[in-house]
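Chemist: Sharing entry14.cif, mmCIF, N, CA and C atoms:
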data_coords
loop_
_atom_site.label_atom_id
_atom_site.label_comp_id
_atom_site.auth_asym_id
_atom_site.auth_seq_id
_atom_site.Cartn_x
_atom_site.Cartn_y
_atom_site.Cartn_z
N MET E 173 -4.04 4.90 23.64
CA MET E 173 -2.73 5.03 23.04
C MET E 173 -2.62 6.43 22.45
N ASN E 174 -1.65 7.18 22.92
CA ASN E 174 -1.44 8.54 22.46
C ASN E 174 -0.24 8.67 21.54
N GLU E 175 0.39 7.55 21.24
CA GLU E 175 1.58 7.59 20.40
C GLU E 175 1.21 7.83 18.94
N LYS E 176 2.07 8.58 18.26
CA LYS E 176 1.86 8.90 16.85
C LYS E 176 1.95 7.63 16.01
N LEU E 177 1.02 7.52 15.04
CA LEU E 177 1.05 6.40 14.10
C LEU E 177 1.84 6.81 12.87
N VAL E 178 2.63 5.87 12.34
CA VAL E 178 3.40 6.13 11.12
C VAL E 178 3.13 5.02 10.11
N THR E 179 3.22 5.37 8.85
CA THR E 179 2.99 4.41 7.78
C THR E 179 4.24 3.57 7.58
N VAL E 180 4.08 2.25 7.63
CA VAL E 180 5.22 1.35 7.44
C VAL E 180 5.16 0.63 6.10
N ALA E 181 3.99 0.63 5.45
CA ALA E 181 3.85 -0.01 4.13
C ALA E 181 2.60 0.52 3.45
N ARG E 182 2.59 0.42 2.13
CA ARG E 182 1.43 0.83 1.33
C ARG E 182 1.03 -0.34 0.43
N PHE E 183 -0.26 -0.46 0.22
CA PHE E 183 -0.80 -1.55 -0.59
C PHE E 183 -1.89 -1.01 -1.51
N SER E 184 -2.15 -1.72 -2.59
CA SER E 184 -3.28 -1.39 -3.45
C SER E 184 -4.37 -2.44 -3.32
N ASP E 185 -4.13 -3.43 -2.47
CA ASP E 185 -5.05 -4.55 -2.30
C ASP E 185 -5.41 -4.71 -0.82
N ASN E 186 -6.70 -4.71 -0.51
CA ASN E 186 -7.15 -4.84 0.87
C ASN E 186 -6.68 -6.14 1.52
N ILE E 187 -6.71 -7.22 0.76
CA ILE E 187 -6.34 -8.51 1.33
C ILE E 187 -4.87 -8.53 1.73
N GLU E 188 -4.00 -8.04 0.85
CA GLU E 188 -2.57 -7.99 1.18
C GLU E 188 -2.32 -7.13 2.41
N ALA E 189 -3.00 -6.01 2.49
CA ALA E 189 -2.84 -5.11 3.64
C ALA E 189 -3.28 -5.80 4.93
N ASP E 190 -4.39 -6.51 4.86
CA ASP E 190 -4.90 -7.18 6.06
C ASP E 190 -4.00 -8.35 6.47
N LEU E 191 -3.44 -9.06 5.50
CA LEU E 191 -2.50 -10.13 5.83
C LEU E 191 -1.25 -9.58 6.50
N ALA E 192 -0.76 -8.45 6.01
CA ALA E 192 0.41 -7.81 6.62
C ALA E 192 0.09 -7.36 8.04
N ARG E 193 -1.11 -6.79 8.22
CA ARG E 193 -1.53 -6.37 9.57
C ARG E 193 -1.54 -7.56 10.51
N GLN E 194 -2.10 -8.68 10.05
CA GLN E 194 -2.17 -9.88 10.89
C GLN E 194 -0.78 -10.40 11.23
N LEU E 195 0.13 -10.37 10.25
CA LEU E 195 1.51 -10.80 10.49
C LEU E 195 2.14 -9.98 11.60
N LEU E 196 1.97 -8.65 11.54
CA LEU E 196 2.55 -7.79 12.58
C LEU E 196 1.91 -8.05 13.93
N GLU E 197 0.60 -8.20 13.95
CA GLU E 197 -0.08 -8.44 15.23
C GLU E 197 0.32 -9.78 15.83
N ASP E 198 0.60 -10.78 14.98
CA ASP E 198 1.10 -12.06 15.48
C ASP E 198 2.47 -11.91 16.14
N GLU E 199 3.21 -10.87 15.73
CA GLU E 199 4.52 -10.59 16.31
C GLU E 199 4.44 -9.61 17.48
N GLY E 200 3.21 -9.25 17.88
CA GLY E 200 3.03 -8.37 19.03
C GLY E 200 3.04 -6.88 18.71
N ILE E 201 2.92 -6.54 17.44
CA ILE E 201 2.92 -5.13 17.04
C ILE E 201 1.50 -4.74 16.66
N LYS E 202 0.99 -3.72 17.32
CA LYS E 202 -0.34 -3.22 17.00
C LYS E 202 -0.28 -2.54 15.64
N ALA E 203 -1.16 -2.91 14.73
CA ALA E 203 -1.13 -2.35 13.38
C ALA E 203 -2.54 -1.98 12.95
N PHE E 204 -2.62 -0.95 12.10
CA PHE E 204 -3.90 -0.43 11.64
C PHE E 204 -3.86 -0.28 10.12
N VAL E 205 -4.93 -0.68 9.46
CA VAL E 205 -5.05 -0.51 8.02
C VAL E 205 -5.91 0.72 7.79
N MET E 206 -5.35 1.70 7.08
CA MET E 206 -6.05 2.95 6.81
C MET E 206 -6.38 3.05 5.32
N GLY E 207 -7.59 3.52 5.00
CA GLY E 207 -7.99 3.69 3.61
C GLY E 207 -8.66 2.47 3.02
N GLN E 208 -8.98 1.51 3.87
CA GLN E 208 -9.55 0.25 3.42
C GLN E 208 -10.94 0.43 2.79
N ASN E 209 -11.70 1.40 3.25
CA ASN E 209 -13.07 1.55 2.78
C ASN E 209 -13.25 2.63 1.73
N VAL E 210 -12.16 3.19 1.23
CA VAL E 210 -12.25 4.25 0.23
C VAL E 210 -12.96 3.75 -1.02
N GLY E 211 -12.71 2.50 -1.41
CA GLY E 211 -13.33 1.94 -2.60
C GLY E 211 -14.84 1.89 -2.50
N ASN E 212 -15.39 1.81 -1.29
CA ASN E 212 -16.83 1.76 -1.11
C ASN E 212 -17.50 3.07 -1.51
N VAL E 213 -16.80 4.18 -1.39
CA VAL E 213 -17.34 5.48 -1.73
C VAL E 213 -17.60 5.56 -3.23
N TYR E 214 -16.73 4.92 -4.00
CA TYR E 214 -16.83 4.95 -5.46
C TYR E 214 -17.27 3.60 -6.00
N SER E 215 -18.22 2.96 -5.35
CA SER E 215 -18.61 1.60 -5.72
C SER E 215 -18.92 1.49 -7.21
N GLY E 216 -18.36 0.47 -7.80
CA GLY E 216 -18.58 0.23 -9.21
C GLY E 216 -17.61 0.95 -10.12
N VAL E 217 -16.86 1.90 -9.60
CA VAL E 217 -15.90 2.65 -10.41
C VAL E 217 -14.50 2.22 -10.00
N PRO E 218 -13.68 1.75 -10.95
CA PRO E 218 -12.32 1.37 -10.59
C PRO E 218 -11.54 2.58 -10.07
N VAL E 219 -10.99 2.43 -8.88
CA VAL E 219 -10.27 3.53 -8.25
C VAL E 219 -8.92 3.00 -7.77
N ALA E 220 -7.87 3.75 -8.01
CA ALA E 220 -6.57 3.40 -7.46
C ALA E 220 -6.58 3.79 -5.99
N ILE E 221 -6.50 2.80 -5.13
CA ILE E 221 -6.59 3.03 -3.69
C ILE E 221 -5.21 2.88 -3.07
N ASP E 222 -4.84 3.83 -2.26
CA ASP E 222 -3.59 3.77 -1.53
C ASP E 222 -3.92 3.38 -0.09
N ILE E 223 -3.74 2.11 0.22
CA ILE E 223 -4.05 1.60 1.55
C ILE E 223 -2.76 1.62 2.36
N GLU E 224 -2.81 2.24 3.52
CA GLU E 224 -1.63 2.37 4.37
C GLU E 224 -1.71 1.44 5.57
N LEU E 225 -0.59 0.81 5.87
CA LEU E 225 -0.46 0.01 7.09
C LEU E 225 0.34 0.85 8.07
N GLN E 226 -0.27 1.15 9.22
CA GLN E 226 0.38 2.02 10.20
C GLN E 226 0.58 1.31 11.53
N THR E 227 1.65 1.71 12.19
CA THR E 227 1.97 1.20 13.52
C THR E 227 2.39 2.36 14.41
N PRO E 228 2.42 2.15 15.74
CA PRO E 228 2.96 3.18 16.61
C PRO E 228 4.42 3.46 16.22
N GLU E 229 4.81 4.71 16.32
CA GLU E 229 6.14 5.13 15.90
C GLU E 229 7.25 4.31 16.56
N SER E 230 7.07 3.95 17.82
CA SER E 230 8.10 3.20 18.54
C SER E 230 8.29 1.78 18.00
N GLN E 231 7.32 1.26 17.26
CA GLN E 231 7.41 -0.10 16.73
C GLN E 231 7.59 -0.12 15.21
N ALA E 232 7.70 1.03 14.59
CA ALA E 232 7.74 1.12 13.13
C ALA E 232 8.95 0.40 12.53
N GLN E 233 10.12 0.60 13.08
CA GLN E 233 11.32 -0.03 12.51
C GLN E 233 11.23 -1.55 12.58
N GLU E 234 10.80 -2.06 13.72
CA GLU E 234 10.64 -3.51 13.87
C GLU E 234 9.60 -4.02 12.88
N ALA E 235 8.51 -3.29 12.71
CA ALA E 235 7.46 -3.68 11.76
C ALA E 235 8.00 -3.76 10.34
N ARG E 236 8.78 -2.75 9.95
CA ARG E 236 9.36 -2.75 8.60
C ARG E 236 10.28 -3.96 8.39
N GLU E 237 11.06 -4.27 9.42
CA GLU E 237 11.98 -5.41 9.32
C GLU E 237 11.21 -6.71 9.17
N ILE E 238 10.14 -6.88 9.91
CA ILE E 238 9.31 -8.08 9.82
C ILE E 238 8.69 -8.20 8.43
N LEU E 239 8.15 -7.10 7.93
CA LEU E 239 7.52 -7.12 6.61
C LEU E 239 8.55 -7.42 5.52
N GLU E 240 9.75 -6.84 5.62
CA GLU E 240 10.79 -7.09 4.63
C GLU E 240 11.25 -8.54 4.66
N ALA E 241 11.43 -9.09 5.86
CA ALA E 241 11.83 -10.48 5.99
C ALA E 241 10.76 -11.41 5.40
N ASN E 242 9.51 -11.07 5.62
CA ASN E 242 8.42 -11.87 5.08
C ASN E 242 8.40 -11.79 3.55
N LYS E 243 8.67 -10.60 3.01
CA LYS E 243 8.70 -10.42 1.56
C LYS E 243 9.82 -11.26 0.94
N ARG E 244 11.01 -11.23 1.57
CA ARG E 244 12.14 -12.03 1.07
C ARG E 244 11.81 -13.51 1.11
N GLU E 245 11.22 -13.95 2.21
CA GLU E 245 10.87 -15.36 2.37
C GLU E 245 9.85 -15.78 1.31
N SER E 246 8.88 -14.94 1.05
CA SER E 246 7.86 -15.25 0.04
C SER E 246 8.49 -15.35 -1.35
N ARG E 247 9.41 -14.43 -1.65
CA ARG E 247 10.09 -14.47 -2.94
C ARG E 247 10.89 -15.76 -3.09
N GLU E 248 11.61 -16.15 -2.03
CA GLU E 248 12.41 -17.37 -2.08
C GLU E 248 11.52 -18.58 -2.28
N LEU E 249 10.40 -18.64 -1.59
CA LEU E 249 9.48 -19.76 -1.75
C LEU E 249 8.93 -19.79 -3.16
N GLY E 250 8.62 -18.65 -3.72
CA GLY E 250 8.13 -18.58 -5.10
C GLY E 250 9.15 -19.08 -6.09
N GLU E 251 10.41 -18.74 -5.87
CA GLU E 251 11.48 -19.19 -6.77
C GLU E 251 11.64 -20.70 -6.65
N ASP E 252 11.56 -21.24 -5.44
CA ASP E 252 11.68 -22.68 -5.25
C ASP E 252 10.55 -23.41 -5.97
N GLU E 253 9.33 -22.87 -5.89
CA GLU E 253 8.20 -23.49 -6.57
C GLU E 253 8.39 -23.46 -8.08
N GLU E 254 8.92 -22.37 -8.60
CA GLU E 254 9.17 -22.27 -10.04
C GLU E 254 10.21 -23.31 -10.46
N LEU E 255 11.26 -23.49 -9.67
CA LEU E 255 12.27 -24.48 -9.99
C LEU E 255 11.68 -25.88 -9.97
N ASP E 256 10.85 -26.19 -8.99
CA ASP E 256 10.20 -27.50 -8.92
C ASP E 256 9.35 -27.73 -10.15
N GLN E 257 8.60 -26.74 -10.58
CA GLN E 257 7.75 -26.87 -11.76
C GLN E 257 8.59 -27.08 -13.01
N ASP E 258 9.69 -26.36 -13.13
CA ASP E 258 10.56 -26.52 -14.30
C ASP E 258 11.15 -27.92 -14.35
N GLU E 259 11.58 -28.45 -13.20
CA GLU E 259 12.15 -29.80 -13.16
C GLU E 259 11.10 -30.83 -13.53
N ASP E 260 9.87 -30.66 -13.05
CA ASP E 260 8.79 -31.59 -13.37
C ASP E 260 8.49 -31.58 -14.86
N SER E 261 8.49 -30.42 -15.47
CA SER E 261 8.14 -30.32 -16.88
C SER E 261 9.21 -30.92 -17.78
N GLU E 262 10.46 -30.97 -17.32
CA GLU E 262 11.54 -31.56 -18.11
C GLU E 262 11.39 -33.07 -18.18
N ASP E 263 10.82 -33.68 -17.14
CA ASP E 263 10.67 -35.12 -17.09
C ASP E 263 9.53 -35.62 -17.97
N GLU E 264 8.56 -34.78 -18.24
CA GLU E 264 7.38 -35.19 -18.99
C GLU E 264 7.58 -34.89 -20.48
N PRO E 265 7.20 -35.85 -21.33
CA PRO E 265 7.29 -35.57 -22.76
C PRO E 265 6.24 -34.55 -23.16
N GLU E 266 6.54 -33.78 -24.19
CA GLU E 266 5.58 -32.80 -24.65
C GLU E 266 4.41 -33.53 -25.29
N PRO E 267 3.23 -32.96 -25.20
CA PRO E 267 2.06 -33.62 -25.79
C PRO E 267 2.28 -33.84 -27.29
N GLY E 268 1.90 -35.07 -27.75
CA GLY E 268 2.03 -35.39 -29.15
C GLY E 268 3.35 -36.02 -29.52
N GLN E 269 4.27 -36.11 -28.57
CA GLN E 269 5.56 -36.73 -28.83
C GLN E 269 5.63 -38.05 -28.08
N ASP E 270 6.04 -39.09 -28.76
CA ASP E 270 6.21 -40.39 -28.12
C ASP E 270 7.67 -40.58 -27.78
N ASP E 271 7.94 -41.31 -26.70
CA ASP E 271 9.31 -41.60 -26.32
C ASP E 271 9.97 -42.55 -27.33
N GLU E 272 9.16 -43.48 -27.88
CA GLU E 272 9.70 -44.45 -28.82
C GLU E 272 9.36 -44.03 -30.23
N GLN E 273 10.32 -44.10 -31.10
CA GLN E 273 10.05 -43.80 -32.50
C GLN E 273 9.93 -45.10 -33.26
N GLU E 274 8.96 -45.17 -34.16
CA GLU E 274 8.74 -46.41 -34.90
C GLU E 274 9.43 -46.39 -36.21
#
Written as structure tokens, that's how I'd like the structure from this file.
Modeler:
Amino acid sequence: MNEKLVTVARFSDNIEADLARQLLEDEGIKAFVMGQNVGNVYSGVPVAIDIELQTPESQAQEAREILEANKRESRELGEDEELDQDEDSEDEPEPGQDDEQE
């Protein structure tokens, strides 16, 4: 492959970067995680790592759209879970409070 690689996303966490790479590859887009091993150079020392997710230039726009759609979907799912938890907590009495008063 001689096509130029471009950065489509940046991460500070290796796991998030690798999950994003897998998402793109599942959609047929070749993706590469760059900077993943920088932390190994400074083992034991907290380092702010800029991990880049790169794709061929011809697939970059599609990759960005997929990542953005996934981010929106994740946010919506998170909001739904928060709403479910809030509804559950309203049904339960607070600890130390009885439903019946004597």
Chemist: Write out as number ranges by chain which residues come within 6 Å of range 227-240 of chain E when counting all atoms listed in the file, dropping same-chain ones fewer than 2 positions away.
Modeler: E: 175-180, 202-204, 225, 242-245
Chemist: For the atom pair atom C of Gly207 in chain E and atom C of Ser246 in chain E, what is the interatomic distance in Å to one decimal place?
Modeler: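 Taking atom C of Gly207 in chain E and atom C of Ser246 in chain E, their separation equals 25.1 Å.
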Chemist: What does the distance between CA of Phe183 in chain E and CA of Ala241 in chain E come to in Å, to one decimal place?
Modeler: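 If I compute the distance from CA of Phe183 in chain E to CA of Ala241 in chain E, I get 16.8 Å.
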Chemist: What separation in Å, quoted to one decimal, exists between CA of Asp190 in chain E and CA of Glu224 in chain E?
Modeler: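 CA of Glu224 in chain E lies at a distance of 10.2 Å from CA of Asp190 in chain E.
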